[in-house]
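Printed here is my_file_0.cif (mmCIF, C-alpha atoms):
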```cif
data_final
#
loop_
_atom_site.label_atom_id
_atom_site.label_comp_id
_atom_site.auth_asym_id
_atom_site.auth_seq_id
_atom_site.Cartn_x
_atom_site.Cartn_y
_atom_site.Cartn_z
CA MET M 21 31.97 -6.21 -69.60
CA THR M 22 31.26 -7.23 -73.13
CA SER M 23 33.51 -7.88 -76.06
CA ARG M 24 34.28 -4.34 -77.13
CA MET M 25 37.93 -4.65 -76.22
CA ASP M 26 38.54 -7.64 -78.46
CA GLY M 27 38.52 -5.52 -81.59
CA ASP M 28 34.89 -6.04 -82.55
CA GLU M 29 32.69 -2.98 -82.93
CA HIS M 30 29.91 -3.35 -80.40
CA LYS M 31 26.44 -3.41 -81.96
CA PRO M 32 23.93 -2.84 -79.19
CA VAL M 33 20.86 -3.79 -81.23
CA LYS M 34 20.94 -7.53 -81.73
CA LYS M 35 17.59 -7.97 -83.43
CA VAL M 36 14.35 -6.16 -84.30
CA GLN M 37 11.31 -8.39 -84.76
CA THR M 38 7.71 -7.54 -85.52
CA LEU M 39 5.17 -9.99 -84.15
CA GLY M 40 1.71 -8.69 -85.02
CA SER M 41 1.23 -5.41 -83.18
CA VAL M 42 4.39 -5.95 -81.13
CA THR M 43 7.86 -4.85 -82.12
CA VAL M 44 10.62 -6.46 -80.10
CA VAL M 45 13.96 -4.67 -79.96
CA SER M 46 16.58 -7.00 -78.49
CA LEU M 47 19.63 -5.29 -77.05
CA THR M 48 22.97 -6.84 -76.21
CA GLY M 49 26.05 -5.79 -74.26
CA ASP M 50 26.65 -2.61 -72.33
CA ILE M 51 24.34 0.28 -73.13
CA ASP M 52 26.26 3.46 -72.45
CA LEU M 53 27.11 6.83 -73.92
CA TYR M 54 28.92 5.18 -76.80
CA CYS M 55 26.09 3.03 -78.11
CA SER M 56 22.95 4.78 -76.81
CA PRO M 57 22.61 6.85 -80.02
CA GLU M 58 22.19 3.64 -82.06
CA VAL M 59 19.57 2.33 -79.62
CA ARG M 60 17.82 5.70 -79.75
CA GLN M 61 17.68 5.57 -83.54
CA VAL M 62 16.15 2.09 -83.62
CA LEU M 63 13.58 2.96 -80.96
CA SER M 64 12.73 6.18 -82.78
CA GLU M 65 11.99 4.19 -85.94
CA ALA M 66 9.46 2.12 -83.97
CA THR M 67 7.87 5.05 -82.16
CA ASP M 68 7.71 7.17 -85.31
CA ARG M 69 5.61 4.36 -86.85
CA GLN M 70 3.49 4.43 -83.68
CA VAL M 71 3.93 0.73 -83.09
CA PRO M 72 1.23 -0.22 -80.52
CA VAL M 73 3.55 -2.27 -78.29
CA VAL M 74 7.30 -1.73 -78.20
CA VAL M 75 9.17 -4.36 -76.23
CA VAL M 76 12.80 -3.75 -75.34
CA ASP M 77 14.48 -7.02 -74.43
CA VAL M 78 17.34 -6.15 -72.08
CA SER M 79 18.03 -9.69 -70.90
CA GLU M 80 21.47 -9.60 -72.54
CA VAL M 81 22.37 -6.18 -71.15
CA PRO M 82 24.71 -6.48 -68.16
CA HIS M 83 25.30 -2.75 -67.71
CA MET M 84 23.34 0.37 -68.54
CA ASP M 85 24.31 3.92 -67.65
CA SER M 86 22.16 7.03 -67.43
CA SER M 87 22.44 7.70 -71.16
CA GLY M 88 20.84 4.30 -71.82
CA VAL M 89 18.18 5.03 -69.24
CA ALA M 90 17.55 8.43 -70.84
CA THR M 91 17.10 6.75 -74.22
CA LEU M 92 14.41 4.49 -72.77
CA VAL M 93 12.70 7.37 -70.95
CA GLU M 94 12.55 9.30 -74.23
CA ALA M 95 11.03 6.30 -76.04
CA LEU M 96 8.51 5.79 -73.24
CA GLN M 97 7.39 9.39 -73.42
CA LYS M 98 6.89 9.13 -77.19
CA VAL M 99 4.92 5.88 -76.83
CA LYS M 100 2.70 7.38 -74.14
CA ARG M 101 1.89 10.32 -76.42
CA TYR M 102 0.19 7.99 -78.90
CA LYS M 103 -1.20 5.78 -76.11
CA GLY M 104 0.97 2.78 -76.91
CA ARG M 105 2.93 0.53 -74.54
CA LEU M 106 6.63 0.20 -73.95
CA VAL M 107 7.66 -2.88 -72.01
CA LEU M 108 11.10 -3.80 -70.73
CA VAL M 109 11.78 -7.52 -70.40
CA GLY M 110 14.49 -9.57 -68.73
CA MET M 111 16.12 -6.82 -66.71
CA GLN M 112 19.28 -7.97 -64.91
CA ASP M 113 19.89 -6.93 -61.30
CA ARG M 114 22.66 -4.52 -62.17
CA VAL M 115 20.48 -2.63 -64.64
CA LYS M 116 17.56 -2.79 -62.23
CA SER M 117 19.61 -1.02 -59.57
CA VAL M 118 20.20 1.93 -61.94
CA PHE M 119 16.45 2.20 -62.50
CA GLU M 120 15.87 1.99 -58.75
CA ILE M 121 18.42 4.70 -58.00
CA SER M 122 16.74 6.86 -60.65
CA ARG M 123 13.31 6.02 -59.21
CA LEU M 124 12.05 4.82 -62.56
CA MET M 125 10.84 1.32 -61.69
CA GLU M 126 7.26 2.52 -61.27
CA LEU M 127 7.32 4.50 -64.49
CA PHE M 128 8.11 1.53 -66.74
CA GLU M 129 6.17 -1.65 -67.39
CA ILE M 130 8.73 -4.36 -66.63
CA LYS M 131 8.22 -8.07 -67.23
CA PRO M 132 10.57 -10.96 -66.51
CA ARG M 133 10.06 -12.65 -69.87
CA LEU M 134 9.01 -11.78 -73.40
CA ALA M 135 6.40 -14.56 -73.37
CA GLU M 136 4.42 -12.64 -70.76
CA VAL M 137 3.99 -9.74 -73.14
CA LEU M 138 3.21 -11.88 -76.18
CA ASP M 139 0.68 -13.95 -74.17
CA GLY M 140 -1.05 -10.80 -72.98
CA GLY M 141 0.30 -11.18 -69.46
CA LYS M 142 -1.32 -14.57 -68.88
CA MET V 4 40.09 12.28 -40.37
CA SER V 5 41.58 10.71 -43.43
CA GLU V 6 44.91 9.01 -43.84
CA GLU V 7 46.69 8.22 -47.07
CA SER V 8 47.24 4.55 -47.74
CA LYS V 9 50.37 2.92 -48.99
CA VAL V 10 48.70 1.56 -52.12
CA HIS V 11 50.49 3.01 -55.10
CA PRO V 12 47.99 5.01 -57.17
CA ILE V 13 46.97 3.70 -60.56
CA THR V 14 46.72 6.42 -63.17
CA LEU V 15 44.94 6.03 -66.46
CA THR V 16 44.91 8.70 -69.13
CA ILE V 17 42.14 8.40 -71.70
CA VAL V 18 40.66 10.76 -74.24
CA SER V 19 37.12 12.08 -74.08
CA ASP V 20 35.80 9.43 -76.46
CA PRO V 21 32.71 7.49 -75.32
CA LYS V 22 34.44 4.37 -76.67
CA GLN V 23 37.03 4.62 -73.90
CA VAL V 24 34.61 4.92 -70.97
CA CYS V 25 34.12 1.15 -70.71
CA VAL V 26 37.88 0.64 -70.53
CA ALA V 27 38.24 3.02 -67.58
CA ARG V 28 35.19 1.45 -65.92
CA ALA V 29 36.69 -2.03 -66.25
CA ALA V 30 39.90 -0.79 -64.64
CA ALA V 31 38.02 0.83 -61.73
CA GLU V 32 35.95 -2.30 -61.18
CA ALA V 33 39.05 -4.48 -61.18
CA PHE V 34 40.73 -2.11 -58.72
CA ALA V 35 37.70 -2.13 -56.39
CA ALA V 36 37.43 -5.92 -56.56
CA ARG V 37 41.08 -6.24 -55.66
CA GLU V 38 40.50 -3.99 -52.66
CA GLY V 39 37.82 -6.36 -51.39
CA PHE V 40 34.57 -4.68 -52.38
CA THR V 41 31.46 -6.82 -52.82
CA ARG V 42 30.09 -7.34 -56.31
CA GLU V 43 27.48 -4.65 -55.67
CA GLY V 44 30.13 -2.23 -54.45
CA VAL V 45 32.34 -2.97 -57.45
CA GLU V 46 29.43 -2.33 -59.82
CA GLN V 47 28.54 0.92 -58.08
CA ILE V 48 32.10 2.21 -58.30
CA GLY V 49 32.13 1.33 -61.99
CA LEU V 50 28.80 3.03 -62.52
CA ALA V 51 29.92 6.19 -60.70
CA LEU V 52 33.06 6.42 -62.81
CA ASN V 53 31.03 5.77 -65.96
CA GLU V 54 28.64 8.61 -65.09
CA ALA V 55 31.44 10.98 -64.14
CA LEU V 56 33.28 10.37 -67.42
CA ALA V 57 30.08 10.74 -69.42
CA ASN V 58 29.52 14.12 -67.76
CA VAL V 59 33.06 15.22 -68.59
CA ILE V 60 32.57 14.23 -72.24
CA LYS V 61 29.15 15.87 -72.54
CA HIS V 62 29.60 18.99 -70.43
CA ALA V 63 33.29 19.80 -69.90
CA TYR V 64 34.34 18.89 -73.44
CA ARG V 65 30.94 19.32 -75.15
CA GLY V 66 31.30 16.12 -77.15
CA GLU V 67 34.88 16.65 -78.34
CA THR V 68 36.45 13.19 -78.47
CA ASP V 69 40.17 13.94 -78.33
CA ARG V 70 40.59 15.80 -75.03
CA PRO V 71 42.50 14.30 -72.10
CA VAL V 72 40.91 12.86 -68.99
CA VAL V 73 43.10 11.54 -66.18
CA VAL V 74 41.66 8.93 -63.83
CA THR V 75 43.60 8.13 -60.66
CA MET V 76 42.63 5.32 -58.31
CA ASP V 77 44.01 4.67 -54.86
CA THR V 78 42.86 3.89 -51.36
CA VAL V 79 42.52 6.05 -48.29
CA THR V 80 41.49 5.45 -44.71
CA LEU V 81 38.60 7.60 -43.58
CA ASP V 82 37.50 7.41 -39.93
CA ALA V 83 39.14 3.97 -39.74
CA ASP V 84 37.26 2.79 -42.84
CA ARG V 85 39.17 1.70 -45.88
CA CYS V 86 37.94 3.53 -48.98
CA VAL V 87 38.57 3.48 -52.68
CA ARG V 88 39.25 6.96 -53.97
CA ILE V 89 38.83 7.89 -57.61
CA ARG V 90 39.96 11.21 -58.94
CA ILE V 91 38.90 12.44 -62.36
CA ARG V 92 40.74 15.39 -63.83
CA ASP V 93 39.52 17.16 -66.92
CA PHE V 94 40.90 20.20 -68.69
CA GLY V 95 37.69 21.69 -69.96
CA GLY V 96 36.15 25.08 -69.35
CA HIS V 97 35.49 26.60 -65.97
CA VAL V 98 32.44 25.24 -64.18
CA ASP V 99 31.24 26.53 -60.84
CA PRO V 100 31.11 23.42 -58.61
CA ALA V 101 28.07 24.90 -56.85
CA THR V 102 26.08 24.53 -60.07
CA ILE V 103 26.72 20.78 -60.34
CA LYS V 104 23.72 19.07 -58.86
CA GLY V 105 21.36 16.25 -59.66
CA ARG V 106 17.95 17.09 -61.00
CA ASP V 107 14.63 16.67 -59.26
CA LEU V 108 13.68 13.03 -59.89
CA ASP V 109 9.99 13.91 -59.93
CA ASP V 110 10.69 15.86 -63.10
CA VAL V 111 10.78 12.80 -65.36
CA ARG V 112 12.67 13.52 -68.53
CA PRO V 113 15.55 12.03 -70.48
CA GLY V 114 18.95 12.96 -69.08
CA GLY V 115 20.33 14.70 -66.02
CA LEU V 116 20.63 11.59 -63.86
CA GLY V 117 24.40 11.19 -63.75
CA VAL V 118 25.14 13.42 -60.77
CA HIS V 119 22.25 11.94 -58.82
CA ILE V 120 23.56 8.42 -59.45
CA ILE V 121 27.10 9.36 -58.40
CA ARG V 122 25.91 10.96 -55.17
CA THR V 123 23.65 7.99 -54.41
CA VAL V 124 26.30 5.29 -54.68
CA MET V 125 29.43 7.06 -53.44
CA ASP V 126 30.09 8.14 -49.85
CA ARG V 127 31.88 11.37 -50.63
CA VAL V 128 31.81 13.43 -53.83
CA GLU V 129 33.77 16.65 -54.20
CA TYR V 130 34.07 18.83 -57.27
CA CYS V 131 36.90 21.32 -57.36
CA SER V 132 37.44 23.88 -60.09
CA ARG V 133 41.13 24.20 -60.93
CA PRO V 134 42.59 27.69 -61.34
CA GLU V 135 44.60 26.54 -64.36
CA GLY V 136 41.41 25.27 -66.00
CA GLY V 137 39.23 22.21 -65.80
CA MET V 138 37.84 20.32 -62.89
CA ASP V 139 38.85 17.75 -60.32
CA LEU V 140 36.22 15.32 -59.16
CA VAL V 141 37.14 13.19 -56.17
CA MET V 142 34.84 10.31 -55.22
CA LEU V 143 35.23 8.02 -52.21
CA LYS V 144 33.45 4.81 -51.37
CA ARG V 145 33.92 3.01 -48.08
CA LEU V 146 34.60 -0.71 -48.15
CA HIS V 147 31.65 -1.26 -45.82
CA SER V 148 29.50 1.44 -47.34
CA VAL V 149 25.74 1.17 -47.20
CA LYS V 150 25.30 3.92 -49.77
CA GLY V 151 23.13 2.77 -52.64
CA ALA V 152 22.53 -0.61 -50.99
CA GLY V 153 19.14 -2.12 -51.60
CA VAL V 154 17.82 0.90 -53.46
#
```
Starting from the file, lay out its structure as structure tokens.
Amino acid sequence: MTSRMDGDEHKPVKKVQTLGSVTVVSLTGDIDLYCSPEVRQVLSEATDRQVPVVVVDVSEVPHMDSSGVATLVEALQKVKRYKGRLVLVGMQDRVKSVFEISRLMELFEIKPRLAEVLDGGK
Amino acid sequence: MSEESKVHPITLTIVSDPKQVCVARAAAEAFAAREGFTREGVEQIGLALNEALANVIKHAYRGETDRPVVVTMDTVTLDADRCVRIRIRDFGGHVDPATIKGRDLDDVRPGGLGVHIIRTVMDRVEYCSRPEGGMDLVMLKRLHSVKGAGV
């Protein structure tokens, strides 16, 4: 659980950075039906610009439900249409299990760390 | 054969606002942890409740955020196995339980995963349309369940 019950409005998008041809969208906290629309909007801004590589850093996401997964599937499909890449980095076990249940692990490019994407996988 | 337990049910009434889903999920996870579930089991019960509530909000109440949803948690013994039972009652429109099914996972598209996730992680899932309106969803997970393990 994150800090949504302490009176703060949860902002799921912590940071958006552009590093050359890579846009890194860093998420934080639970990604569920409540905050997926905001994530969707930020990812749409990147995919509408046809950013060559969209990285979604989920290392600070302890929980993601099917609406969060659907948001990422939608972004992946858009990126594939313009032959870009969408990479998920830092996936926690709990989020990974949702992707496994949904049989989506093979569909996504998943890396343990952001550095592996920025270094070209070296 | 199932047998009712002596654990007093915990009932939580929320409204169909996505903001409140995490509160109900936290309660279900705390309940499951107290009943001795492993961390993985606790997370799966929380996920199943999360998905069930999201479906109620999206489908039964079509995004209306002020409709009631009643979540009841208790335990039951099923074939000598202790189970957590979660009941979710909504008061939306009539839905034929036979039409509630997960989608084909080979058809990759955004959405439609909630029912599949619920059925994967819970041992028993029953939808029941109520004659007075709305739906009852009853989900059971055994303490020593292997459902959803190592997927």
- Residues of chain V near chain M: apply a cut-off of 12 Å, count only C-alpha atoms, and supply the list as a VMD selection string. chain V and resid 19 to 30 32 to 33 42 to 47 49 to 61 66 68 105 to 124 150 to 154
Prev. selection, C-alpha atoms, output as a tab-separated table (two decimals), keeping the file's coordinate frame:
```tsv
chain	number	residue	atom	x	y	z
V	19	SER	CA	37.12	12.08	-74.08
V	20	ASP	CA	35.80	9.43	-76.46
V	21	PRO	CA	32.71	7.49	-75.32
V	22	LYS	CA	34.44	4.37	-76.67
V	23	GLN	CA	37.03	4.62	-73.90
V	24	VAL	CA	34.61	4.92	-70.97
V	25	CYS	CA	34.12	1.15	-70.71
V	26	VAL	CA	37.88	0.64	-70.53
V	27	ALA	CA	38.24	3.02	-67.58
V	28	ARG	CA	35.19	1.45	-65.92
V	29	ALA	CA	36.69	-2.03	-66.25
V	30	ALA	CA	39.90	-0.79	-64.64
V	32	GLU	CA	35.95	-2.30	-61.18
V	33	ALA	CA	39.05	-4.48	-61.18
V	42	ARG	CA	30.09	-7.34	-56.31
V	43	GLU	CA	27.48	-4.65	-55.67
V	44	GLY	CA	30.13	-2.23	-54.45
V	45	VAL	CA	32.34	-2.97	-57.45
V	46	GLU	CA	29.43	-2.33	-59.82
V	47	GLN	CA	28.54	0.92	-58.08
V	49	GLY	CA	32.13	1.33	-61.99
V	50	LEU	CA	28.80	3.03	-62.52
V	51	ALA	CA	29.92	6.19	-60.70
V	52	LEU	CA	33.06	6.42	-62.81
V	53	ASN	CA	31.03	5.77	-65.96
V	54	GLU	CA	28.64	8.61	-65.09
V	55	ALA	CA	31.44	10.98	-64.14
V	56	LEU	CA	33.28	10.37	-67.42
V	57	ALA	CA	30.08	10.74	-69.42
V	58	ASN	CA	29.52	14.12	-67.76
V	59	VAL	CA	33.06	15.22	-68.59
V	60	ILE	CA	32.57	14.23	-72.24
V	61	LYS	CA	29.15	15.87	-72.54
V	66	GLY	CA	31.30	16.12	-77.15
V	68	THR	CA	36.45	13.19	-78.47
V	105	GLY	CA	21.36	16.25	-59.66
V	106	ARG	CA	17.95	17.09	-61.00
V	107	ASP	CA	14.63	16.67	-59.26
V	108	LEU	CA	13.68	13.03	-59.89
V	109	ASP	CA	9.99	13.91	-59.93
V	110	ASP	CA	10.69	15.86	-63.10
V	111	VAL	CA	10.78	12.80	-65.36
V	112	ARG	CA	12.67	13.52	-68.53
V	113	PRO	CA	15.55	12.03	-70.48
V	114	GLY	CA	18.95	12.96	-69.08
V	115	GLY	CA	20.33	14.70	-66.02
V	116	LEU	CA	20.63	11.59	-63.86
V	117	GLY	CA	24.40	11.19	-63.75
V	118	VAL	CA	25.14	13.42	-60.77
V	119	HIS	CA	22.25	11.94	-58.82
V	120	ILE	CA	23.56	8.42	-59.45
V	121	ILE	CA	27.10	9.36	-58.40
V	122	ARG	CA	25.91	10.96	-55.17
V	123	THR	CA	23.65	7.99	-54.41
V	124	VAL	CA	26.30	5.29	-54.68
V	150	LYS	CA	25.30	3.92	-49.77
V	151	GLY	CA	23.13	2.77	-52.64
V	152	ALA	CA	22.53	-0.61	-50.99
V	153	GLY	CA	19.14	-2.12	-51.60
V	154	VAL	CA	17.82	0.90	-53.46
```
- Message: Set the distance at 12 Å and use only C-alpha atoms: which residues neighbour Arg90 of chain V once local chain neighbours fewer than 2 positions away are removed? I'd like the list as number ranges by chain.
- Response: V: 12-16, 31, 48, 51-52, 55-56, 72-78, 87-88, 92-93, 127-131, 138-144
- Message: Neighbouring residues of Val99 of chain M were defined as those with any atom within 10 Å, considering all atoms listed in the file; residues of the same chain fewer than 2 positions away were excluded. Please report them as a list of chain:residue names.
- Response: M:Ser64, M:Ala66, M:Thr67, M:Asp68, M:Gln70, M:Val71, M:Pro72, M:Val73, M:Val74, M:Val93, M:Glu94, M:Ala95, M:Leu96, M:Gln97, M:Arg101, M:Tyr102, M:Lys103, M:Gly104, M:Arg105, M:Leu106
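In this comparison, which uses all atoms listed in the file, the residue of M:Lys31, M:Pro57, M:Glu126, M:Val62 approaching Val44 of chain M most closely is M:Val62.
For the pair atom CA of Lys100 of chain M and atom CA of Arg69 of chain M, the separation is 13.4 Å.
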Which residues are close to Thr48 of chain M, i.e. within 6 Å by only C-alpha atoms, leaving aside same-chain residues fewer than 2 positions away? Reply as a JSON list (two decimals) with C-alpha atoms, keeping the file's coordinate frame.
```
[["chain", "number", "residue", "atom", "x", "y", "z"],
["M", 32, "PRO", "CA", 23.93, -2.84, -79.19],
["M", 34, "LYS", "CA", 20.94, -7.53, -81.73],
["M", 80, "GLU", "CA", 21.47, -9.60, -72.54],
["M", 81, "VAL", "CA", 22.37, -6.18, -71.15]]
```
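A straight line drawn from atom CA of Thr41 of chain V to atom CA of His147 of chain V is 8.9 Å long.
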- Message: With only C-alpha atoms as the counted atoms, please give the residues lying no more than 10 Å from Val137 of chain M, apart from itself and same-chain residues fewer than 2 positions off, as a ChimeraX atom specification.
- Response: /M:42,73,75,107-109,130-135,139-142
Can I get the selected residues back with C-alpha atoms, as a compact mmCIF listing (two decimals), keeping the file's coordinate frame?
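Below is the file that was written, out20.txt:
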```txt
# COMPACT_ATOMS: atom_id res chain seq x y z
CA VAL M 42 4.39 -5.95 -81.13
CA VAL M 73 3.55 -2.27 -78.29
CA VAL M 75 9.17 -4.36 -76.23
CA VAL M 107 7.66 -2.88 -72.01
CA LEU M 108 11.10 -3.80 -70.73
CA VAL M 109 11.78 -7.52 -70.40
CA ILE M 130 8.73 -4.36 -66.63
CA LYS M 131 8.22 -8.07 -67.23
CA PRO M 132 10.57 -10.96 -66.51
CA ARG M 133 10.06 -12.65 -69.87
CA LEU M 134 9.01 -11.78 -73.40
CA ALA M 135 6.40 -14.56 -73.37
CA ASP M 139 0.68 -13.95 -74.17
CA GLY M 140 -1.05 -10.80 -72.98
CA GLY M 141 0.30 -11.18 -69.46
CA LYS M 142 -1.32 -14.57 -68.88
```
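Among the candidates M:Ser79, M:Met111, M:Leu138, M:Leu47, the one nearest to Val33 of chain M when counting all atoms listed in the file is M:Leu47.
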- Message: Using only C-alpha atoms, which protein or nucleic acid residues come within 8 Å of Arg85 of chain V? Drop anything in the same chain fewer than 5 positions from it, and give the result as a PyMOL selection string.
- Response: chain V and resi 78-80+145-146
With C-alpha atoms kept, could you save the residues just selected as a CSV table (one decimal), keeping the file's coordinate frame?
```csv
chain,number,residue,atom,x,y,z
V,78,THR,CA,42.9,3.9,-51.4
V,79,VAL,CA,42.5,6.0,-48.3
V,80,THR,CA,41.5,5.4,-44.7
V,145,ARG,CA,33.9,3.0,-48.1
V,146,LEU,CA,34.6,-0.7,-48.2
```
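Closest approach to Lys35 of chain M from the set M:Arg60, M:Val76, M:Phe128, M:Pro82 is made by M:Val76, with distances taken over only C-alpha atoms.
Across the structure, atom CA of Gly96 of chain V and atom CA of Glu67 of chain V are spaced 12.4 Å apart.
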